[in-house]
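Read the structure below first, then the notes.
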Protein chains: 2
Amino acid sequence: MKAYQQMTKEELCTLKEELEKSYQAEKEKGLKLDMSRGKPETAQLDIGMELLDVVNSESDMKAEGGADCRNYGVLDGIPEAKKLMADMMGTTPEHVIVYGNGSLFIMYDSISRSYTHGVLGSTPWYKLDKVKFLCPVPGYDRHFAITERFGIEMITVPMREDGPDMDIVEKLVKEDDSIKGIWCVPLYSNPQGICYSDETVKRFAALKPAAKDFRIYWDNAYVIHHLYEDDQPVLLDIISECEKAGNPDLVYEFASTSKISFAGAGISALASSKANLEDVKKQLTIQTIGFDKLNQLRHVRYYKNLDGMKAHMKKHANIMRPKFEAVLEVLEKELGGLGIANWIKPKGGYFISFDAMEGCAKEIVKKCKEAGVILTNAGATFPYGKDPKDSNIRIAPSFPTAEEMAQAANLFVLCVKLVSVEKLLEAK
Amino acid sequence: MKAYQQMTKEELCTLKEELEKSYQAEKEKGLKLDMSRGKPETAQLDIGMELLDVVNSESDMKAEGGADCRNYGVLDGIPEAKKLMADMMGTTPEHVIVYGNGSLFIMYDSISRSYTHGVLGSTPWYKLDKVKFLCPVPGYDRHFAITERFGIEMITVPMREDGPDMDIVEKLVKEDDSIKGIWCVPLYSNPQGICYSDETVKRFAALKPAAKDFRIYWDNAYVIHHLYEDDQPVLLDIISECEKAGNPDLVYEFASTSKISFAGAGISALASSKANLEDVKKQLTIQTIGFDKLNQLRHVRYYKNLDGMKAHMKKHANIMRPKFEAVLEVLEKELGGLGIANWIKPKGGYFISFDAMEGCAKEIVKKCKEAGVILTNAGATFPYGKDPKDSNIRIAPSFPTAEEMAQAANLFVLCVKLVSVEKLLEAK
């Protein structure tokens with residue numbers, strides 16, 4: 001196939017006509033598919049149903065240490081749940097507080113707490129003229145929504161193939177004490193599926209921020225969410241790297257079982273230094289009498305340990321992999337060599353990040369929508385919903401079936417082609 | 001029995017000696033009882049175990065409206081859970097958001113949100129020189145802890161037998177626009193067990209606060225937590241009373257099933273006007289992808305409806321009633337007519353409020369502790385932990401057994417007598 005940029009105006013016009021016909025035909029199929037959110041499909045929920053049976057009316061309700069999981073008490077999680085979540089996150093239980101049904105809440109709460117009460121005794125952010133956050137882009141829209149809600153200025157940092165551009169990160173945090181944090185998804189980043197290299201993690205741990213209350217917001221959302229059994233990147237443990245670098249308090253790490261057990265009915269955790277956890281607990285003890293220990297117990301009794309969790313994740317991978325491959329195959333087959341798009345083949349996580357030609361993303365998403373396929377809004381992967389190049393599109397292949405994914409991908413590439421041709425014609 | 005105040009110094013000295021001997025004897029028994037918190041006892045947890053069976057691996061996971069309770073979605077609660085919680089709170093589902101495992105979190109969140117983002121577009125509280133709350137006393141220590149954390153000045157309002165002194169409440173909120181809220185436990189108040197009369201509720205609904213962002217924080221924690229089947233006060237629905245009075249946005253109402261199903265593993269709810277709920281949801285959608293719908297489903301499938309819940313509450317009452325009566329019997333028998341104490345006989349809730357002679361509460365609690373019975377700290381029922389009269393003690397009879405409660409109560413009255421005699425002797 002000839003690269004679109006090398007086509008003449010006439011060739012592009014002919015192509016455009018063909019593509020428009022195909023698009024009309026696709027439209028008439030009346031597709032109704034949602035690729036907008038990283039939502040597990042039903043088959044993924046079905047494989048973990050026995051989790052609902054392990055705590056029943058006949059069960060022993062005592063946690064390790066003797067607490068009755070049906071009653072008040074135990075602010076920071078039952079010991080066995082702390083162990084399970086610590087193992088999953090690659091740290092140790094004394095670094096962990098187990099929370100409720102999702103990690104987004106912990107992240108929101110961390111920002112909200114810093115805003116109202118500061119970090120380890122620092123000035124509350126509301127009292128400061130300016131608070132800024134670094135946002136590697138493309139990134140996760142829900143992260144950006146939290147910082148936007150608190151009026152925090154977001155500064156984008158480009159992603160490289162091994163994580164954020166650390167030269168920029170190091171320079172900015174060293175120079176500017178109004179920079180209080182950075183959003184990171186270190187393993188299978190949202191949306192690119194990029195994994196932070198050992199060097200990147202070590203450079204994060206060794207940061208010398210001007211702001212004492214700067215923290216790395218390490219959203220380890222896809223910590224064991226691999227697609228391939230024989231090709232799994234290993235992420236260094238940021239907590240111990242920070243300790244080794246003499247910066248034990250530098251990081252808040254977040255994780256949950258939302259995409260392991262049930263989305264919205266899992267358990268979540270914060271991992272951090274002793275001092276940070278003490279600071280957090282000062283608030284937590286006023287905020288709640290404790291999280292749902294029965295659900296913690298359910299998770300521990302069902303998975304038993306990290307190996308149990310990993311075995312379960314293989315089942316998820318077996319469901320997810322064909323969908324990713326279906327999309328990637330269509331992308332490669334239909335767009336390979338056309339010079340109008342780039343994408344990354346992820347080894348895990350929930351997304352495929354797609355870069356169209358500049359100025360095309362919104363129009364592609366719009367065209368897909370008109371033909372019945374919902375994608376995440378163009379721009380959503382950037383702070384304030386504004387992709388300066390209008391290029392990045394996040395594809396979430398998890399919810400539809402593999403067959404539906406192939407259909408959706410075919411429509412998608414058609415829209416990419418059509419919008420690209422239109423763009424190129426504009427310039428002629 | 002002669003009233004202590006009428007005794008001569010000699011009589012008091014003799015009595016003191018006797019009491020000291022008895023106290024030493026009690027101490028040697030080595031009691032170990034906790035009456036400090038409103039915590040259900042094990043028998044209360046045992047009666048609801050089948051709640052854990054109704055959602056299992058064979059269950060239909062769809063909520064009304066079709067949402068899969070195992071997946072993301074449904075920010076404000078599944079329809080059937082909204083209905084159940086609305087029925088429980090005496091309102092309608094459109095007034096309700098169902099939250100996670102406890103109502104304390106909703107209350108904290110309401111204050112925190114008002115602090116950072118204001119109420120329905122009002123100035124965020126952090127920007128104001130002064131924010132004040134009215135606190136009917138004695139009251140709930142965890143309410144006071146929330147307002148204290150946000151530097152909110154707490155102004156005490158005396159409780160009367162039908163609720164807070166409304167003359168004072170009306171006057172203060174009308175005059176002072178820095179007063180932004182009032183903490184209320186309208187049914188079986190914590191700790192007095194007082195029920196707000198119809199007139200009190202109507203006067204609340206008709207308040208004309210100077211501050212547009214003033215809200216009544218209506219913690220309906222004991223909404224169906226009666227002790228007696230044939231003697232149950234009826235609380236007016238504050239939501240519809242506020243609507244009738246033309247003040248639909250005046251109230252946030254909180255409730256949970258913590259003391260119905262399992263403490264820490266229940267479901268909770270906020271009830272308020274449409275405008276308030278919209279305002280809350282603007283934040284909620286950034287804060288969480290949704291609460292635990294499986295636990296919502298469990299509660300609905302187990303209780304089925306409000307009648308099911310009420311039937312279950314009778315079982316709780318049958319366990320609680322003997323404990324309350326054991327304590328009250330000892331109080332009446334041992335302290336009646338001595339002129340050194342007052343208490344209220346509650347018809348529901350979780351507490352007995354006890355007023356000792358002025359300046360005696362701390363010493364009584366200390367003496368009880370030394371002999372092995374833990375009470376809530378004296379002062380805890382007042383803002384900043386400071387009871388100006390050092391008189392009020394909250395007794396929580398739920399956790400120990402009825403027999404243990406009788407033992408504990410006997411020690412308690414002994415300590416009351418001893419400390420009272422010492423106090424009276426000081427004055428001689």
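Residue numbering restarts at 1 in every chain; chains get A, B, ... in the order shown in the structure tokens, and ligands count up from 1 in that same order.
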
Neighbour list for segment 12-20 of chain B as a PyMOL selection string, cut-off 12 Å, only C-alpha atoms, skip fewer than 3 positions in-chain: chain B and resi 2-9+23-27+367+411+413-428

Superposition of chain B onto chain A by least squares over all sequentially paired C-alpha atoms; the transformed chain is requested as a compact mmCIF listing (two decimals) with C-alpha atoms, in the first residue's frame.
```
# COMPACT_ATOMS: atom_id res chain seq x y z
CA MET B 1 0.09 0.01 -0.02
CA LYS B 2 1.33 3.46 -0.88
CA ALA B 3 1.87 5.94 1.92
CA TYR B 4 -0.88 8.54 1.83
CA GLN B 5 1.52 11.46 1.98
CA GLN B 6 3.00 10.37 -1.31
CA MET B 7 -0.30 10.31 -3.14
CA THR B 8 -1.31 12.94 -5.64
CA LYS B 9 -4.44 15.00 -5.15
CA GLU B 10 -6.23 12.89 -7.72
CA GLU B 11 -5.29 9.64 -6.04
CA LEU B 12 -6.48 11.01 -2.73
CA CYS B 13 -9.80 12.14 -4.23
CA THR B 14 -10.43 8.72 -5.69
CA LEU B 15 -9.49 7.06 -2.43
CA LYS B 16 -11.77 9.41 -0.52
CA GLU B 17 -14.74 8.44 -2.65
CA GLU B 18 -14.09 4.75 -2.07
CA LEU B 19 -13.66 5.26 1.64
CA GLU B 20 -16.86 7.27 1.89
CA LYS B 21 -18.79 4.48 0.26
CA SER B 22 -17.34 1.94 2.65
CA TYR B 23 -18.11 4.22 5.57
CA GLN B 24 -21.74 4.54 4.49
CA ALA B 25 -21.94 0.75 4.25
CA GLU B 26 -20.45 0.40 7.75
CA LYS B 27 -22.90 2.94 9.12
CA GLU B 28 -25.81 0.93 7.81
CA LYS B 29 -24.66 -2.10 9.80
CA GLY B 30 -25.91 -0.26 12.87
CA LEU B 31 -23.04 -1.25 15.18
CA LYS B 32 -23.42 -0.51 18.87
CA LEU B 33 -20.10 -0.97 20.60
CA ASP B 34 -18.39 0.76 23.47
CA MET B 35 -14.61 0.98 23.54
CA SER B 36 -14.53 4.02 25.77
CA ARG B 37 -13.63 2.68 29.21
CA GLY B 38 -11.37 0.03 30.66
CA LYS B 39 -14.24 -2.12 31.77
CA PRO B 40 -13.98 -5.90 32.16
CA GLU B 41 -16.29 -7.96 30.03
CA THR B 42 -18.82 -10.37 31.50
CA ALA B 43 -16.66 -13.44 30.88
CA GLN B 44 -13.98 -11.90 33.10
CA LEU B 45 -16.48 -11.44 35.89
CA ASP B 46 -17.72 -15.00 35.52
CA ILE B 47 -14.33 -16.57 36.20
CA GLY B 48 -14.15 -15.20 39.75
CA MET B 49 -17.62 -16.00 41.05
CA GLU B 50 -16.44 -18.34 43.79
CA LEU B 51 -15.02 -15.33 45.58
CA LEU B 52 -18.63 -14.74 46.58
CA ASP B 53 -18.89 -18.13 48.28
CA VAL B 54 -15.82 -18.19 50.51
CA VAL B 55 -17.30 -15.97 53.21
CA ASN B 56 -20.71 -17.32 54.04
CA SER B 57 -22.93 -17.92 57.06
CA GLU B 58 -20.83 -20.93 58.09
CA SER B 59 -17.46 -19.22 57.88
CA ASP B 60 -15.08 -18.34 60.64
CA MET B 61 -15.30 -14.57 60.83
CA LYS B 62 -12.07 -13.96 62.69
CA ALA B 63 -9.16 -12.30 60.99
CA GLU B 64 -5.57 -12.99 61.96
CA GLY B 65 -5.06 -11.21 65.24
CA GLY B 66 -8.56 -12.06 66.34
CA ALA B 67 -10.69 -9.21 65.01
CA ASP B 68 -14.26 -10.14 64.11
CA CYS B 69 -14.60 -8.99 60.51
CA ARG B 70 -18.30 -8.31 61.07
CA ASN B 71 -17.67 -5.68 63.70
CA TYR B 72 -16.00 -2.30 64.06
CA GLY B 73 -12.26 -2.06 64.44
CA VAL B 74 -9.00 -2.42 62.50
CA LEU B 75 -8.53 0.90 60.75
CA ASP B 76 -5.80 -0.07 58.32
CA GLY B 77 -6.87 -3.52 57.13
CA ILE B 78 -6.82 -7.06 58.46
CA PRO B 79 -3.27 -8.48 58.59
CA GLU B 80 -3.82 -11.11 55.90
CA ALA B 81 -5.24 -8.53 53.49
CA LYS B 82 -2.29 -6.22 54.13
CA LYS B 83 -0.01 -9.13 53.32
CA LEU B 84 -1.85 -10.01 50.12
CA MET B 85 -1.92 -6.43 48.85
CA ALA B 86 1.71 -5.89 49.86
CA ASP B 87 2.78 -9.01 47.99
CA MET B 88 0.83 -7.87 44.96
CA MET B 89 2.46 -4.44 45.05
CA GLY B 90 5.91 -5.88 45.67
CA THR B 91 6.29 -4.36 49.11
CA THR B 92 5.79 -5.44 52.74
CA PRO B 93 2.67 -5.25 54.94
CA GLU B 94 3.98 -2.51 57.22
CA HIS B 95 3.96 -0.20 54.21
CA VAL B 96 0.30 -0.86 53.47
CA ILE B 97 -3.13 0.43 54.44
CA VAL B 98 -6.00 -1.55 52.93
CA TYR B 99 -8.91 0.67 51.88
CA GLY B 100 -12.36 0.12 50.45
CA ASN B 101 -13.65 -0.73 47.02
CA GLY B 102 -11.41 1.34 44.77
CA SER B 103 -8.10 3.14 44.48
CA LEU B 104 -9.48 6.24 42.77
CA PHE B 105 -10.93 7.22 46.12
CA ILE B 106 -7.50 6.92 47.77
CA MET B 107 -5.98 9.15 45.12
CA TYR B 108 -8.72 11.75 45.42
CA ASP B 109 -8.40 11.59 49.17
CA SER B 110 -4.63 12.06 49.02
CA ILE B 111 -4.97 15.24 46.98
CA SER B 112 -7.91 16.51 49.03
CA ARG B 113 -6.04 15.87 52.29
CA SER B 114 -2.91 17.64 51.04
CA TYR B 115 -5.08 20.54 49.95
CA THR B 116 -6.77 20.93 53.33
CA HIS B 117 -4.06 19.74 55.73
CA GLY B 118 -0.76 19.57 53.87
CA VAL B 119 1.66 16.67 53.71
CA LEU B 120 3.54 15.61 56.83
CA GLY B 121 3.12 18.99 58.43
CA SER B 122 3.67 21.13 55.32
CA THR B 123 1.50 24.15 54.50
CA PRO B 124 -1.93 23.07 53.24
CA TRP B 125 -2.06 23.62 49.51
CA TYR B 126 -5.12 25.88 49.70
CA LYS B 127 -2.92 28.49 51.36
CA LEU B 128 -0.44 28.53 48.48
CA ASP B 129 -0.70 30.88 45.49
CA LYS B 130 0.08 28.14 43.06
CA VAL B 131 0.17 24.36 43.13
CA LYS B 132 1.34 22.43 40.08
CA PHE B 133 1.45 18.78 39.06
CA LEU B 134 3.45 17.06 36.39
CA CYS B 135 1.35 14.96 34.05
CA PRO B 136 3.09 12.55 31.71
CA VAL B 137 1.05 12.50 28.50
CA PRO B 138 -0.89 10.80 27.17
CA GLY B 139 -2.28 9.81 30.57
CA TYR B 140 -5.36 8.85 32.57
CA ASP B 141 -8.28 11.26 32.41
CA ARG B 142 -9.45 10.51 35.95
CA HIS B 143 -6.08 11.55 37.36
CA PHE B 144 -6.32 14.85 35.55
CA ALA B 145 -9.91 15.35 36.71
CA ILE B 146 -8.80 15.14 40.35
CA THR B 147 -6.02 17.69 40.02
CA GLU B 148 -8.24 19.95 37.92
CA ARG B 149 -10.94 19.90 40.61
CA PHE B 150 -8.48 21.35 43.08
CA GLY B 151 -7.32 24.08 40.71
CA ILE B 152 -3.91 22.47 40.41
CA GLU B 153 -2.03 23.60 37.30
CA MET B 154 -1.07 20.62 35.19
CA ILE B 155 2.20 20.63 33.28
CA THR B 156 2.57 17.97 30.63
CA VAL B 157 5.69 15.84 30.37
CA PRO B 158 6.28 13.73 27.27
CA MET B 159 6.37 9.95 27.60
CA ARG B 160 9.30 8.03 26.18
CA GLU B 161 9.41 4.32 25.59
CA ASP B 162 10.70 3.64 29.11
CA GLY B 163 8.59 6.13 31.06
CA PRO B 164 8.28 9.89 31.39
CA ASP B 165 11.14 12.03 30.09
CA MET B 166 13.18 12.05 33.29
CA ASP B 167 15.50 14.86 32.21
CA ILE B 168 12.48 17.15 32.16
CA VAL B 169 10.99 15.72 35.38
CA GLU B 170 14.25 16.11 37.30
CA LYS B 171 14.80 19.64 36.09
CA LEU B 172 11.26 20.85 36.80
CA VAL B 173 10.88 19.42 40.30
CA LYS B 174 14.30 20.73 41.29
CA GLU B 175 13.61 24.25 40.10
CA ASP B 176 10.00 24.83 41.05
CA ASP B 177 8.78 24.34 44.61
CA SER B 178 5.17 24.82 43.55
CA ILE B 179 5.33 21.44 41.82
CA LYS B 180 3.85 19.06 44.38
CA GLY B 181 3.37 15.84 42.52
CA ILE B 182 3.44 13.75 39.39
CA TRP B 183 0.85 11.24 38.20
CA CYS B 184 2.40 7.92 37.14
CA VAL B 185 1.04 4.60 35.92
CA PRO B 186 4.35 2.78 35.98
CA LEU B 187 3.36 -0.59 34.59
CA TYR B 188 1.28 -0.74 31.41
CA SER B 189 0.69 2.99 31.50
CA ASN B 190 -2.76 4.26 30.71
CA PRO B 191 -3.14 4.50 27.73
CA GLN B 192 0.18 3.53 26.14
CA GLY B 193 0.94 0.32 27.98
CA ILE B 194 4.47 1.57 28.58
CA CYS B 195 6.51 0.02 31.39
CA TYR B 196 8.93 2.17 33.37
CA SER B 197 12.48 0.86 33.08
CA ASP B 198 14.70 0.20 36.09
CA GLU B 199 16.58 3.39 35.29
CA THR B 200 13.36 5.40 35.22
CA VAL B 201 12.25 4.01 38.58
CA LYS B 202 15.66 4.69 40.11
CA ARG B 203 15.68 8.23 38.78
CA PHE B 204 12.21 8.74 40.28
CA ALA B 205 13.40 7.43 43.64
CA ALA B 206 16.39 9.75 43.54
CA LEU B 207 14.47 12.92 42.67
CA LYS B 208 15.49 16.02 44.58
CA PRO B 209 12.34 18.10 44.52
CA ALA B 210 12.42 21.68 45.72
CA ALA B 211 9.08 21.10 47.47
CA LYS B 212 9.30 19.07 50.66
CA ASP B 213 5.68 18.03 50.11
CA PHE B 214 6.29 16.75 46.60
CA ARG B 215 5.09 13.18 46.18
CA ILE B 216 5.11 10.70 43.33
CA TYR B 217 1.54 9.47 42.83
CA TRP B 218 2.35 5.95 41.70
CA ASP B 219 -0.85 4.39 40.40
CA ASN B 220 0.13 0.76 40.07
CA ALA B 221 -3.24 -0.11 38.57
CA TYR B 222 -2.00 -2.91 36.34
CA VAL B 223 0.59 -4.41 38.62
CA ILE B 224 -0.13 -8.04 37.68
CA HIS B 225 -2.26 -7.41 34.60
CA HIS B 226 -0.07 -9.07 32.00
CA LEU B 227 -1.29 -10.32 28.62
CA TYR B 228 1.55 -12.74 28.00
CA GLU B 229 2.89 -15.35 30.31
CA ASP B 230 6.32 -15.54 28.76
CA ASP B 231 6.89 -11.85 28.17
CA GLN B 232 6.35 -9.90 31.36
CA PRO B 233 8.26 -6.77 32.24
CA VAL B 234 9.44 -6.52 35.82
CA LEU B 235 8.83 -3.23 37.60
CA LEU B 236 11.19 -2.26 40.41
CA ASP B 237 9.58 -1.67 43.80
CA ILE B 238 9.44 2.10 44.09
CA ILE B 239 9.04 1.97 47.89
CA SER B 240 12.35 0.22 48.52
CA GLU B 241 14.08 2.21 45.78
CA CYS B 242 13.01 5.41 47.54
CA GLU B 243 14.32 4.03 50.83
CA LYS B 244 17.64 3.13 49.24
CA ALA B 245 17.89 6.60 47.75
CA GLY B 246 17.30 8.17 51.15
CA ASN B 247 13.87 9.47 50.12
CA PRO B 248 11.53 7.08 51.97
CA ASP B 249 8.62 9.55 52.05
CA LEU B 250 8.71 10.45 48.38
CA VAL B 251 5.99 8.16 47.07
CA TYR B 252 2.33 7.21 47.52
CA GLU B 253 1.59 3.96 45.70
CA PHE B 254 -1.97 2.93 44.84
CA ALA B 255 -3.43 -0.38 43.70
CA SER B 256 -6.66 -2.33 43.76
CA THR B 257 -8.23 -5.60 42.77
CA SER B 258 -10.89 -3.86 40.66
CA LYS B 259 -9.65 -5.61 37.53
CA ILE B 260 -8.71 -8.79 39.38
CA SER B 261 -11.89 -9.66 41.29
CA PHE B 262 -14.83 -7.36 40.56
CA ALA B 263 -14.83 -3.81 39.24
CA GLY B 264 -16.30 -1.68 42.00
CA ALA B 265 -16.42 -4.51 44.52
CA GLY B 266 -12.74 -5.18 45.01
CA ILE B 267 -10.35 -4.00 47.70
CA SER B 268 -7.71 -1.33 47.34
CA ALA B 269 -4.53 -0.23 49.05
CA LEU B 270 -2.16 2.60 49.67
CA ALA B 271 1.53 1.80 50.14
CA SER B 272 3.95 4.33 51.50
CA SER B 273 6.54 5.06 54.19
CA LYS B 274 5.80 4.73 57.88
CA ALA B 275 5.78 8.50 58.33
CA ASN B 276 3.38 9.03 55.43
CA LEU B 277 1.04 6.29 56.66
CA GLU B 278 0.98 7.81 60.14
CA ASP B 279 0.07 11.14 58.61
CA VAL B 280 -2.70 9.55 56.56
CA LYS B 281 -4.06 7.64 59.55
CA LYS B 282 -4.43 10.85 61.55
CA GLN B 283 -7.13 11.77 59.09
CA LEU B 284 -8.44 8.28 58.42
CA THR B 285 -9.37 7.75 62.05
CA ILE B 286 -11.68 10.76 61.84
CA GLN B 287 -12.98 9.88 58.41
CA THR B 288 -14.05 6.28 58.96
CA ILE B 289 -14.32 3.63 61.64
CA GLY B 290 -12.75 1.25 59.16
CA PHE B 291 -13.24 -0.26 55.73
CA ASP B 292 -15.18 -3.38 54.78
CA LYS B 293 -13.24 -6.20 56.43
CA LEU B 294 -15.60 -8.90 55.18
CA ASN B 295 -14.65 -8.06 51.63
CA GLN B 296 -11.00 -8.10 52.62
CA LEU B 297 -11.54 -11.55 54.11
CA ARG B 298 -13.30 -12.73 50.95
CA HIS B 299 -10.36 -11.73 48.82
CA VAL B 300 -7.79 -13.40 51.06
CA ARG B 301 -9.76 -16.62 51.42
CA TYR B 302 -10.39 -16.84 47.69
CA TYR B 303 -6.94 -16.04 46.27
CA LYS B 304 -5.05 -17.34 49.32
CA ASN B 305 -1.83 -15.65 48.21
CA LEU B 306 -0.09 -13.87 45.37
CA ASP B 307 0.32 -17.11 43.44
CA GLY B 308 -3.43 -17.60 43.61
CA MET B 309 -3.93 -14.12 42.28
CA LYS B 310 -1.45 -14.64 39.50
CA ALA B 311 -3.12 -17.88 38.48
CA HIS B 312 -6.40 -15.99 38.33
CA MET B 313 -4.83 -13.25 36.22
CA LYS B 314 -3.88 -15.84 33.61
CA LYS B 315 -7.56 -16.46 33.09
CA HIS B 316 -8.15 -12.77 32.59
CA ALA B 317 -5.25 -12.66 30.13
CA ASN B 318 -6.70 -15.51 28.13
CA ILE B 319 -9.87 -13.48 27.66
CA MET B 320 -8.18 -10.16 27.00
CA ARG B 321 -5.34 -11.24 24.72
CA PRO B 322 -7.46 -12.20 21.68
CA LYS B 323 -9.15 -8.79 21.78
CA PHE B 324 -5.93 -6.88 21.87
CA GLU B 325 -4.58 -9.05 19.10
CA ALA B 326 -7.73 -8.63 17.00
CA VAL B 327 -7.38 -4.86 17.15
CA LEU B 328 -3.64 -4.86 16.58
CA GLU B 329 -3.98 -7.19 13.63
CA VAL B 330 -6.51 -4.91 11.95
CA LEU B 331 -4.38 -1.87 12.68
CA GLU B 332 -1.29 -3.50 11.23
CA LYS B 333 -3.06 -4.91 8.21
CA GLU B 334 -5.03 -1.83 7.32
CA LEU B 335 -2.82 1.03 8.42
CA GLY B 336 0.69 -0.44 8.27
CA GLY B 337 2.89 1.51 5.88
CA LEU B 338 0.34 4.25 5.17
CA GLY B 339 2.27 6.80 7.20
CA ILE B 340 -0.85 8.16 8.83
CA ALA B 341 -0.77 6.55 12.27
CA ASN B 342 1.36 5.12 15.08
CA TRP B 343 0.48 2.82 17.88
CA ILE B 344 2.16 0.74 20.55
CA LYS B 345 1.64 -2.97 21.01
CA PRO B 346 1.06 -3.38 24.76
CA LYS B 347 2.02 -6.44 26.80
CA GLY B 348 -0.57 -5.82 29.47
CA GLY B 349 -2.97 -3.33 30.96
CA TYR B 350 -6.27 -2.29 29.46
CA PHE B 351 -5.53 0.02 26.54
CA ILE B 352 -4.03 0.58 23.15
CA SER B 353 -2.81 4.11 22.52
CA PHE B 354 -3.21 5.32 18.96
CA ASP B 355 -1.72 8.42 17.39
CA ALA B 356 -3.39 9.71 14.27
CA MET B 357 -2.06 12.50 12.07
CA GLU B 358 -2.17 15.87 13.78
CA GLY B 359 -5.59 17.44 13.86
CA CYS B 360 -7.46 14.21 13.13
CA ALA B 361 -8.32 12.57 16.47
CA LYS B 362 -11.53 14.44 17.23
CA GLU B 363 -12.90 13.88 13.77
CA ILE B 364 -12.05 10.16 13.87
CA VAL B 365 -13.81 9.71 17.22
CA LYS B 366 -16.81 11.65 15.89
CA LYS B 367 -17.05 9.54 12.74
CA CYS B 368 -16.78 6.32 14.75
CA LYS B 369 -19.55 7.50 17.03
CA GLU B 370 -21.81 8.31 14.10
CA ALA B 371 -21.37 4.75 12.93
CA GLY B 372 -22.07 3.26 16.36
CA VAL B 373 -18.67 2.79 17.97
CA ILE B 374 -17.98 4.82 21.11
CA LEU B 375 -14.35 5.67 21.81
CA THR B 376 -12.93 7.66 24.71
CA ASN B 377 -13.29 11.35 23.81
CA ALA B 378 -10.33 12.64 21.86
CA GLY B 379 -8.29 14.84 24.16
CA ALA B 380 -9.26 12.86 27.26
CA THR B 381 -5.72 11.55 27.59
CA PHE B 382 -4.46 15.10 28.16
CA PRO B 383 -5.00 17.56 31.04
CA TYR B 384 -8.10 19.73 30.59
CA GLY B 385 -9.18 17.36 27.80
CA LYS B 386 -6.96 19.21 25.35
CA ASP B 387 -4.55 17.29 23.18
CA PRO B 388 -2.48 20.09 21.59
CA LYS B 389 -1.88 17.97 18.51
CA ASP B 390 -5.40 16.49 18.41
CA SER B 391 -3.73 13.22 17.65
CA ASN B 392 -4.07 10.69 20.49
CA ILE B 393 -6.93 8.22 20.81
CA ARG B 394 -7.29 5.66 23.59
CA ILE B 395 -8.73 2.33 22.52
CA ALA B 396 -10.19 0.16 25.30
CA PRO B 397 -10.65 -3.33 23.90
CA SER B 398 -11.78 -5.08 27.07
CA PHE B 399 -15.55 -4.80 27.12
CA PRO B 400 -16.68 -6.01 23.66
CA THR B 401 -16.00 -9.60 22.55
CA ALA B 402 -13.04 -10.39 20.27
CA GLU B 403 -15.38 -10.64 17.30
CA GLU B 404 -16.99 -7.31 18.11
CA MET B 405 -13.54 -5.84 18.59
CA ALA B 406 -12.56 -6.90 15.06
CA GLN B 407 -15.72 -5.25 13.70
CA ALA B 408 -15.10 -2.12 15.70
CA ALA B 409 -11.48 -2.03 14.65
CA ASN B 410 -12.44 -2.30 11.00
CA LEU B 411 -14.73 0.68 11.36
CA PHE B 412 -12.04 2.52 13.27
CA VAL B 413 -9.34 2.10 10.63
CA LEU B 414 -11.80 3.15 7.96
CA CYS B 415 -12.50 6.36 9.86
CA VAL B 416 -8.77 6.91 10.35
CA LYS B 417 -8.18 6.57 6.63
CA LEU B 418 -11.07 8.79 5.65
CA VAL B 419 -10.20 11.59 8.06
CA SER B 420 -6.53 11.37 7.11
CA VAL B 421 -7.32 11.67 3.41
CA GLU B 422 -9.55 14.67 4.08
CA LYS B 423 -6.76 16.26 6.11
CA LEU B 424 -4.20 15.67 3.38
CA LEU B 425 -6.55 17.08 0.75
CA GLU B 426 -7.02 20.24 2.81
CA ALA B 427 -3.29 20.84 2.54
CA LYS B 428 -3.13 20.30 -1.20
```

Assign secondary structure with DSSP using the backbone only, and return the residues of segment 102-315 of chain B in helix (DSSP H, G or I) as an NGL selection string. :B and (103-117 or 125-127 or 141-149 or 166-175 or 198-205 or 238-244 or 274-287 or 293-303 or 306-315)

Practice problem: Taking the DSSP assignment computed from this structure's backbone, write out as number ranges by chain all residues of segment 169-379 of chain B that belong to strand (DSSP E or B). | Solution: B: 179-184, 215-219, 226, 251-256, 268-271, 341-343, 348, 352-356, 373-375
